[in-house]
$ cat run.pdb   # PDB, C-alpha atoms
MODEL        1
ATOM      1  CA  MET A   9     122.307 101.629  72.930  1.00  0.00           C
ATOM      2  CA  LEU A  10     118.798 100.110  73.085  1.00  0.00           C
ATOM      3  CA  ALA A  11     118.490 101.033  76.783  1.00  0.00           C
ATOM      4  CA  ASN A  12     119.311 104.694  75.995  1.00  0.00           C
ATOM      5  CA  ALA A  13     116.784 104.769  73.130  1.00  0.00           C
ATOM      6  CA  LEU A  14     114.099 103.304  75.405  1.00  0.00           C
ATOM      7  CA  LEU A  15     114.953 105.785  78.171  1.00  0.00           C
ATOM      8  CA  SER A  16     114.717 108.634  75.672  1.00  0.00           C
ATOM      9  CA  LEU A  17     111.262 107.411  74.578  1.00  0.00           C
ATOM     10  CA  VAL A  18     110.043 107.166  78.210  1.00  0.00           C
ATOM     11  CA  GLU A  19     111.387 110.680  78.877  1.00  0.00           C
ATOM     12  CA  ARG A  20     109.493 112.015  75.837  1.00  0.00           C
ATOM     13  CA  ILE A  21     106.225 110.349  76.960  1.00  0.00           C
ATOM     14  CA  ILE A  22     106.559 111.713  80.526  1.00  0.00           C
ATOM     15  CA  ASN A  23     107.205 115.219  79.205  1.00  0.00           C
ATOM     16  CA  GLN A  24     104.126 114.951  76.948  1.00  0.00           C
ATOM     17  CA  LEU A  25     102.102 114.088  80.096  1.00  0.00           C
ATOM     18  CA  LEU A  26     103.539 117.200  81.755  1.00  0.00           C
ATOM     19  CA  GLN A  27     102.050 119.269  78.938  1.00  0.00           C
ATOM     20  CA  LEU A  28      98.627 117.565  79.246  1.00  0.00           C
ATOM     21  CA  ASP A  29      98.234 118.326  82.976  1.00  0.00           C
ATOM     22  CA  PRO A  30      99.168 121.998  83.611  1.00  0.00           C
ATOM     23  CA  GLN A  31      99.000 121.536  87.402  1.00  0.00           C
ATOM     24  CA  LEU A  32     101.691 118.843  87.388  1.00  0.00           C
ATOM     25  CA  GLN A  33     104.502 121.337  86.766  1.00  0.00           C
ATOM     26  CA  GLY A  34     103.430 123.341  89.822  1.00  0.00           C
ATOM     27  CA  LYS A  35     103.526 120.205  91.984  1.00  0.00           C
ATOM     28  CA  LEU A  36     107.016 119.310  90.744  1.00  0.00           C
ATOM     29  CA  ALA A  37     108.385 122.861  91.223  1.00  0.00           C
ATOM     30  CA  ALA A  38     109.141 122.135  94.918  1.00  0.00           C
ATOM     31  CA  ILE A  39     111.576 119.362  93.961  1.00  0.00           C
ATOM     32  CA  ALA A  40     113.169 121.080  90.951  1.00  0.00           C
ATOM     33  CA  ASP A  41     116.873 120.353  90.301  1.00  0.00           C
ATOM     34  CA  LYS A  42     116.980 117.569  92.918  1.00  0.00           C
ATOM     35  CA  GLN A  43     118.409 114.204  91.872  1.00  0.00           C
ATOM     36  CA  LEU A  44     116.338 111.054  92.381  1.00  0.00           C
ATOM     37  CA  LEU A  45     118.265 107.861  91.645  1.00  0.00           C
ATOM     38  CA  ILE A  46     116.035 104.866  90.840  1.00  0.00           C
ATOM     39  CA  GLU A  47     117.774 101.502  91.038  1.00  0.00           C
ATOM     40  CA  ILE A  48     115.767  98.759  89.281  1.00  0.00           C
ATOM     41  CA  ARG A  49     117.175  95.586  90.834  1.00  0.00           C
ATOM     42  CA  ASP A  50     115.772  92.952  88.461  1.00  0.00           C
ATOM     43  CA  TRP A  51     116.857  94.982  85.406  1.00  0.00           C
ATOM     44  CA  GLN A  52     120.256  95.877  86.934  1.00  0.00           C
ATOM     45  CA  GLN A  53     119.714  99.470  85.842  1.00  0.00           C
ATOM     46  CA  SER A  54     120.161 102.788  87.639  1.00  0.00           C
ATOM     47  CA  ILE A  55     118.236 105.790  86.303  1.00  0.00           C
ATOM     48  CA  LEU A  56     118.790 109.336  87.485  1.00  0.00           C
ATOM     49  CA  CYS A  57     115.609 111.420  87.389  1.00  0.00           C
ATOM     50  CA  VAL A  58     115.756 115.223  87.564  1.00  0.00           C
ATOM     51  CA  TYR A  59     112.997 117.824  87.086  1.00  0.00           C
ATOM     52  CA  SER A  60     114.420 121.072  85.713  1.00  0.00           C
ATOM     53  CA  ASP A  61     113.480 123.679  83.092  1.00  0.00           C
ATOM     54  CA  GLU A  62     109.842 122.423  83.305  1.00  0.00           C
ATOM     55  CA  GLN A  63     110.898 119.003  82.018  1.00  0.00           C
ATOM     56  CA  ILE A  64     111.784 115.574  83.418  1.00  0.00           C
ATOM     57  CA  HIS A  65     115.279 114.421  82.460  1.00  0.00           C
ATOM     58  CA  LEU A  66     116.246 110.731  82.672  1.00  0.00           C
ATOM     59  CA  TYR A  67     119.838 109.484  82.579  1.00  0.00           C
ATOM     60  CA  SER A  68     121.218 105.950  82.686  1.00  0.00           C
ATOM     61  CA  THR A  69     124.079 106.125  85.188  1.00  0.00           C
ATOM     62  CA  GLN A  70     126.414 104.114  87.391  1.00  0.00           C
ATOM     63  CA  GLU A  71     127.344 107.113  89.555  1.00  0.00           C
ATOM     64  CA  ARG A  72     126.149 107.227  93.173  1.00  0.00           C
ATOM     65  CA  CYS A  73     125.513 110.974  93.388  1.00  0.00           C
ATOM     66  CA  PHE A  74     121.916 111.701  94.464  1.00  0.00           C
ATOM     67  CA  ASP A  75     119.624 113.580  96.857  1.00  0.00           C
ATOM     68  CA  CYS A  76     117.461 110.471  97.219  1.00  0.00           C
ATOM     69  CA  MET A  77     117.857 106.873  96.081  1.00  0.00           C
ATOM     70  CA  ILE A  78     115.120 104.237  95.731  1.00  0.00           C
ATOM     71  CA  SER A  79     116.158 100.624  95.184  1.00  0.00           C
ATOM     72  CA  ALA A  80     113.573  97.923  94.383  1.00  0.00           C
ATOM     73  CA  ASP A  81     112.386  95.536  91.688  1.00  0.00           C
ATOM     74  CA  ILE A  82     110.108  96.790  88.906  1.00  0.00           C
ATOM     75  CA  ASP A  83     106.843  95.459  90.425  1.00  0.00           C
ATOM     76  CA  THR A  84     107.533  97.274  93.708  1.00  0.00           C
ATOM     77  CA  LEU A  85     108.395 100.502  91.883  1.00  0.00           C
ATOM     78  CA  LEU A  86     105.123 100.337  89.921  1.00  0.00           C
ATOM     79  CA  ALA A  87     103.251 100.013  93.246  1.00  0.00           C
ATOM     80  CA  LEU A  88     104.580 103.476  94.153  1.00  0.00           C
ATOM     81  CA  LYS A  89     101.887 105.096  92.017  1.00  0.00           C
ATOM     82  CA  ASP A  90     100.004 104.875  95.335  1.00  0.00           C
ATOM     83  CA  PRO A  91     102.144 107.189  97.575  1.00  0.00           C
ATOM     84  CA  SER A  92     100.725 105.657 100.774  1.00  0.00           C
ATOM     85  CA  MET A  93     102.511 102.386  99.870  1.00  0.00           C
ATOM     86  CA  LEU A  94     105.975 103.939 100.269  1.00  0.00           C
ATOM     87  CA  THR A  95     106.459 103.444 104.030  1.00  0.00           C
ATOM     88  CA  GLN A  96     104.667 100.074 103.930  1.00  0.00           C
ATOM     89  CA  LEU A  97     107.047  98.753 101.241  1.00  0.00           C
ATOM     90  CA  ILE A  98     110.058  99.980 103.240  1.00  0.00           C
ATOM     91  CA  ARG A  99     108.776  98.125 106.347  1.00  0.00           C
ATOM     92  CA  GLN A 100     108.315  94.950 104.256  1.00  0.00           C
ATOM     93  CA  ASP A 101     111.971  95.209 103.076  1.00  0.00           C
ATOM     94  CA  LYS A 102     110.788  95.304  99.460  1.00  0.00           C
ATOM     95  CA  LEU A 103     112.207  98.786  98.965  1.00  0.00           C
ATOM     96  CA  ASP A 104     115.372 100.560 100.172  1.00  0.00           C
ATOM     97  CA  LEU A 105     115.395 104.326 100.429  1.00  0.00           C
ATOM     98  CA  GLN A 106     118.370 106.577 101.172  1.00  0.00           C
ATOM     99  CA  GLY A 107     118.407 110.344 101.434  1.00  0.00           C
ATOM    100  CA  ASP A 108     115.515 112.800 101.270  1.00  0.00           C
ATOM    101  CA  LEU A 109     112.190 110.976 101.728  1.00  0.00           C
ATOM    102  CA  ASN A 110     110.312 114.164 100.736  1.00  0.00           C
ATOM    103  CA  LEU A 111     111.875 114.020  97.271  1.00  0.00           C
ATOM    104  CA  ALA A 112     110.589 110.469  96.652  1.00  0.00           C
ATOM    105  CA  GLN A 113     107.150 111.412  98.000  1.00  0.00           C
ATOM    106  CA  GLY A 114     107.138 114.579  95.870  1.00  0.00           C
ATOM    107  CA  PHE A 115     107.588 112.616  92.631  1.00  0.00           C
ATOM    108  CA  SER A 116     105.162 109.891  93.733  1.00  0.00           C
ATOM    109  CA  ASN A 117     102.434 112.345  94.840  1.00  0.00           C
ATOM    110  CA  ALA A 118     102.730 114.467  91.687  1.00  0.00           C
ATOM    111  CA  PHE A 119     102.202 111.537  89.311  1.00  0.00           C
ATOM    112  CA  ALA A 120      99.590 109.847  91.544  1.00  0.00           C
ATOM    113  CA  GLU A 121      97.448 112.996  91.282  1.00  0.00           C
ATOM    114  CA  LEU A 122      97.898 113.209  87.507  1.00  0.00           C
ATOM    115  CA  ASP A 123      94.617 114.561  86.146  1.00  0.00           C
ATOM    116  CA  ILE A 124      94.390 114.564  82.358  1.00  0.00           C
ATOM    117  CA  ASP A 125      91.118 115.415  80.651  1.00  0.00           C
ATOM    118  CA  TRP A 126      91.478 112.822  77.895  1.00  0.00           C
ATOM    119  CA  PRO A 127      88.089 113.500  76.204  1.00  0.00           C
ATOM    120  CA  GLU A 128      89.113 117.153  75.884  1.00  0.00           C
ATOM    121  CA  HIS A 129      92.395 116.204  74.174  1.00  0.00           C
ATOM    122  CA  PHE A 130      90.727 113.595  71.928  1.00  0.00           C
ATOM    123  CA  SER A 131      88.077 116.139  70.882  1.00  0.00           C
ATOM    124  CA  ARG A 132      90.738 118.251  69.137  1.00  0.00           C
ATOM    125  CA  TYR A 133      91.174 115.444  66.602  1.00  0.00           C
ATOM    126  CA  ILE A 134      87.773 113.711  66.366  1.00  0.00           C
ATOM    127  CA  GLY A 135      85.201 116.131  67.825  1.00  0.00           C
ATOM    128  CA  ASP A 136      83.375 116.278  71.170  1.00  0.00           C
ATOM    129  CA  ALA A 137      80.768 113.480  70.868  1.00  0.00           C
ATOM    130  CA  PRO A 138      83.114 110.824  69.339  1.00  0.00           C
ATOM    131  CA  ALA A 139      85.798 111.746  71.900  1.00  0.00           C
ATOM    132  CA  GLN A 140      83.386 111.204  74.797  1.00  0.00           C
ATOM    133  CA  GLN A 141      82.190 107.906  73.291  1.00  0.00           C
ATOM    134  CA  LEU A 142      85.777 106.735  72.770  1.00  0.00           C
ATOM    135  CA  TRP A 143      86.657 107.582  76.386  1.00  0.00           C
ATOM    136  CA  LEU A 144      83.618 105.689  77.734  1.00  0.00           C
ATOM    137  CA  SER A 145      84.583 102.667  75.598  1.00  0.00           C
ATOM    138  CA  ILE A 146      88.156 102.746  76.913  1.00  0.00           C
ATOM    139  CA  GLN A 147      86.889 102.927  80.514  1.00  0.00           C
ATOM    140  CA  ALA A 148      84.482  99.992  79.928  1.00  0.00           C
ATOM    141  CA  LEU A 149      87.305  97.951  78.377  1.00  0.00           C
ATOM    142  CA  LYS A 150      89.542  98.742  81.346  1.00  0.00           C
ATOM    143  CA  ARG A 151      86.839  97.605  83.809  1.00  0.00           C
ATOM    144  CA  ARG A 152      86.279  94.372  81.865  1.00  0.00           C
ATOM    145  CA  GLY A 153      90.027  93.727  81.816  1.00  0.00           C
ATOM    146  CA  SER A 154      90.228  94.256  85.571  1.00  0.00           C
ATOM    147  CA  GLN A 155      87.274  91.896  86.183  1.00  0.00           C
ATOM    148  CA  THR A 156      88.781  89.215  83.893  1.00  0.00           C
ATOM    149  CA  LYS A 157      92.136  89.498  85.681  1.00  0.00           C
ATOM    150  CA  SER A 158      90.430  89.137  89.068  1.00  0.00           C
ATOM    151  CA  LYS A 159      88.484  86.052  87.901  1.00  0.00           C
ATOM    152  CA  LEU A 160      91.641  84.442  86.490  1.00  0.00           C
ATOM    153  CA  GLU A 161      93.547  85.084  89.728  1.00  0.00           C
ATOM    154  CA  ASN A 162      90.695  83.565  91.808  1.00  0.00           C
ATOM    155  CA  THR A 163      90.449  80.529  89.497  1.00  0.00           C
ATOM    156  CA  LEU A 164      94.201  79.968  89.584  1.00  0.00           C
ATOM    157  CA  THR A 165      94.304  80.317  93.387  1.00  0.00           C
ATOM    158  CA  THR A 166      91.406  77.854  93.803  1.00  0.00           C
ATOM    159  CA  LEU A 167      93.023  75.412  91.369  1.00  0.00           C
ATOM    160  CA  CYS A 168      96.383  75.509  93.152  1.00  0.00           C
ATOM    161  CA  GLN A 169      94.908  75.286  96.673  1.00  0.00           C
ATOM    162  CA  ASP A 170      91.938  72.938  96.325  1.00  0.00           C
ATOM    163  CA  GLU A 171      92.381  70.831  93.191  1.00  0.00           C
ATOM    164  CA  LEU A 172      96.137  70.428  92.748  1.00  0.00           C
ATOM    165  CA  ALA A 173      97.042  71.019  96.444  1.00  0.00           C
ATOM    166  CA  VAL A 174     100.185  72.813  95.278  1.00  0.00           C
ATOM    167  CA  THR A 175      99.805  75.737  97.683  1.00  0.00           C
ATOM    168  CA  ILE A 176      98.448  75.907 101.206  1.00  0.00           C
ATOM    169  CA  HIS A 177      95.004  77.406 101.877  1.00  0.00           C
ATOM    170  CA  PRO A 178      95.001  80.600 104.011  1.00  0.00           C
ATOM    171  CA  LEU A 179      92.858  78.854 106.685  1.00  0.00           C
ATOM    172  CA  GLU A 180      95.352  75.966 106.848  1.00  0.00           C
ATOM    173  CA  LEU A 181      98.195  78.465 107.166  1.00  0.00           C
ATOM    174  CA  ALA A 182      96.384  80.279 110.002  1.00  0.00           C
ATOM    175  CA  GLU A 183      95.764  76.950 111.777  1.00  0.00           C
ATOM    176  CA  PHE A 184      99.421  75.946 111.349  1.00  0.00           C
ATOM    177  CA  LYS A 185     100.564  79.281 112.831  1.00  0.00           C
ATOM    178  CA  GLN A 186      98.178  78.839 115.777  1.00  0.00           C
ATOM    179  CA  GLN A 187      99.483  75.304 116.456  1.00  0.00           C
ATOM    180  CA  ASN A 188     103.051  76.555 116.123  1.00  0.00           C
ATOM    181  CA  ARG A 189     102.395  79.305 118.720  1.00  0.00           C
ATOM    182  CA  GLN A 190     100.813  76.774 121.116  1.00  0.00           C
ATOM    183  CA  LEU A 191     103.753  74.384 120.713  1.00  0.00           C
ATOM    184  CA  LYS A 192     106.210  77.235 121.311  1.00  0.00           C
ATOM    185  CA  SER A 193     104.325  78.206 124.474  1.00  0.00           C
ATOM    186  CA  GLN A 194     104.291  74.589 125.743  1.00  0.00           C
ATOM    187  CA  VAL A 195     108.031  74.199 125.058  1.00  0.00           C
ATOM    188  CA  SER A 196     108.695  77.462 126.898  1.00  0.00           C
ATOM    189  CA  GLN A 197     106.653  76.282 129.933  1.00  0.00           C
ATOM    190  CA  LEU A 198     108.440  72.917 129.921  1.00  0.00           C
ATOM    191  CA  GLU A 199     111.803  74.684 129.773  1.00  0.00           C
ATOM    192  CA  MET A 200     110.849  76.814 132.798  1.00  0.00           C
ATOM    193  CA  ARG A 201     109.785  73.703 134.769  1.00  0.00           C
ATOM    194  CA  ILE A 202     113.080  71.909 133.942  1.00  0.00           C
ATOM    195  CA  ASN A 203     115.053  74.994 135.018  1.00  0.00           C
ATOM    196  CA  ALA A 204     113.043  75.219 138.255  1.00  0.00           C
ATOM    197  CA  LEU A 205     113.684  71.521 138.988  1.00  0.00           C
ATOM    198  CA  LEU A 206     117.398  71.880 138.316  1.00  0.00           C
ATOM    199  CA  GLN A 207     117.647  74.918 140.626  1.00  0.00           C
ATOM    200  CA  SER A 208     115.730  73.191 143.450  1.00  0.00           C
ATOM    201  CA  ARG A 209     118.334  70.374 143.721  1.00  0.00           C
TER     202      ARG A 209
ENDMDL
END

$ encode --input "run.pdb" --output "structure tokens"
Amino acid sequence: MLANALLSLVERIINQLLQLDPQLQGKLAAIADKQLLIEIRDWQQSILCVYSDEQIHLYSTQERCFDCMISADIDTLLALKDPSMLTQLIRQDKLDLQGDLNLAQGFSNAFAELDIDWPEHFSRYIGDAPAQQLWLSIQALKRRGSQTKSKLENTLTTLCQDELAVTIHPLELAEFKQQNRQLKSQVSQLEMRINALLQSR
């Protein structure tokens, strides 16, 4: 029941975004009435996504009827806002895709190119100058959040690698791989010499 209510809310938000960017409907027209099944592995949920009648429709389903199916965990699916990541994620075995690749790329490209003039929409409620100021404040807050996240990630990485020695440093990993390759090469040469000696008897 809760899952259906949440899905209904997400559907409403997506359709509001469709109204805010008039060009988005034109981009989605090419994939109208096609069924994209999104399987969220870590949530154990399957959501059928269909664009028809100038709206996105989302259905929770267990049926396996689709034009294209994407199966991945939620973090991988969120990375698809960058359409160029699609083939890379498939190669890394983080994402499974069956069916029409163009359908998945169509949805991904349409939402990646989402272009909403937020100051314009805010200005309807609070006026032009306050809307512009609000938008600049939101952008500054977003940048600060991104910088703080980056600093925290760097601090945590340094702490784990250098201070606590919980994880291996990238240079140590590279050195280990190099030594491993050399050892493999030496073992291979030794194996060839033993085989040559055995054949010469």

$ atom_distance --input "run.pdb" --atom1 "atom CA of Ile22 of chain A" --atom2 "atom CA of Ile64 of chain A"
7.1 Å

$ atom_distance --input "run.pdb" --atom1 "atom CA of Ser196 of chain A" --atom2 "atom CA of Ser208 of chain A"
18.5 Å

$ residues_around --input "run.pdb" --residues "segment 86-101 of chain A" --least-positions-apart "6" --cutoff "12 Å" --atoms "all atoms listed in the file" --output "ChimeraX atom specification"
/A:46,48,78-80,109-122

$ atom_distance --input "run.pdb" --atom1 "atom CA of Asp81 of chain A" --atom2 "atom CA of Gln52 of chain A"
9.2 Å

$ resolve_selection --input "run.pdb" --expression "the PyMOL selection byres ((chain A and resi 40) around 8)" --output "list in words"
Leu36, Ala37, Ala38, Ile39, Asp41, Lys42, Val58, Tyr59 and Ser60 of chain A

$ write_last_selection --input "run.pdb" --atoms "C-alpha atoms" --output "compact mmCIF listing (two decimals), in the coordinates of the input"
# COMPACT_ATOMS: atom_id res chain seq x y z
CA LEU A 36 107.02 119.31 90.74
CA ALA A 37 108.38 122.86 91.22
CA ALA A 38 109.14 122.14 94.92
CA ILE A 39 111.58 119.36 93.96
CA ASP A 41 116.87 120.35 90.30
CA LYS A 42 116.98 117.57 92.92
CA VAL A 58 115.76 115.22 87.56
CA TYR A 59 113.00 117.82 87.09
CA SER A 60 114.42 121.07 85.71
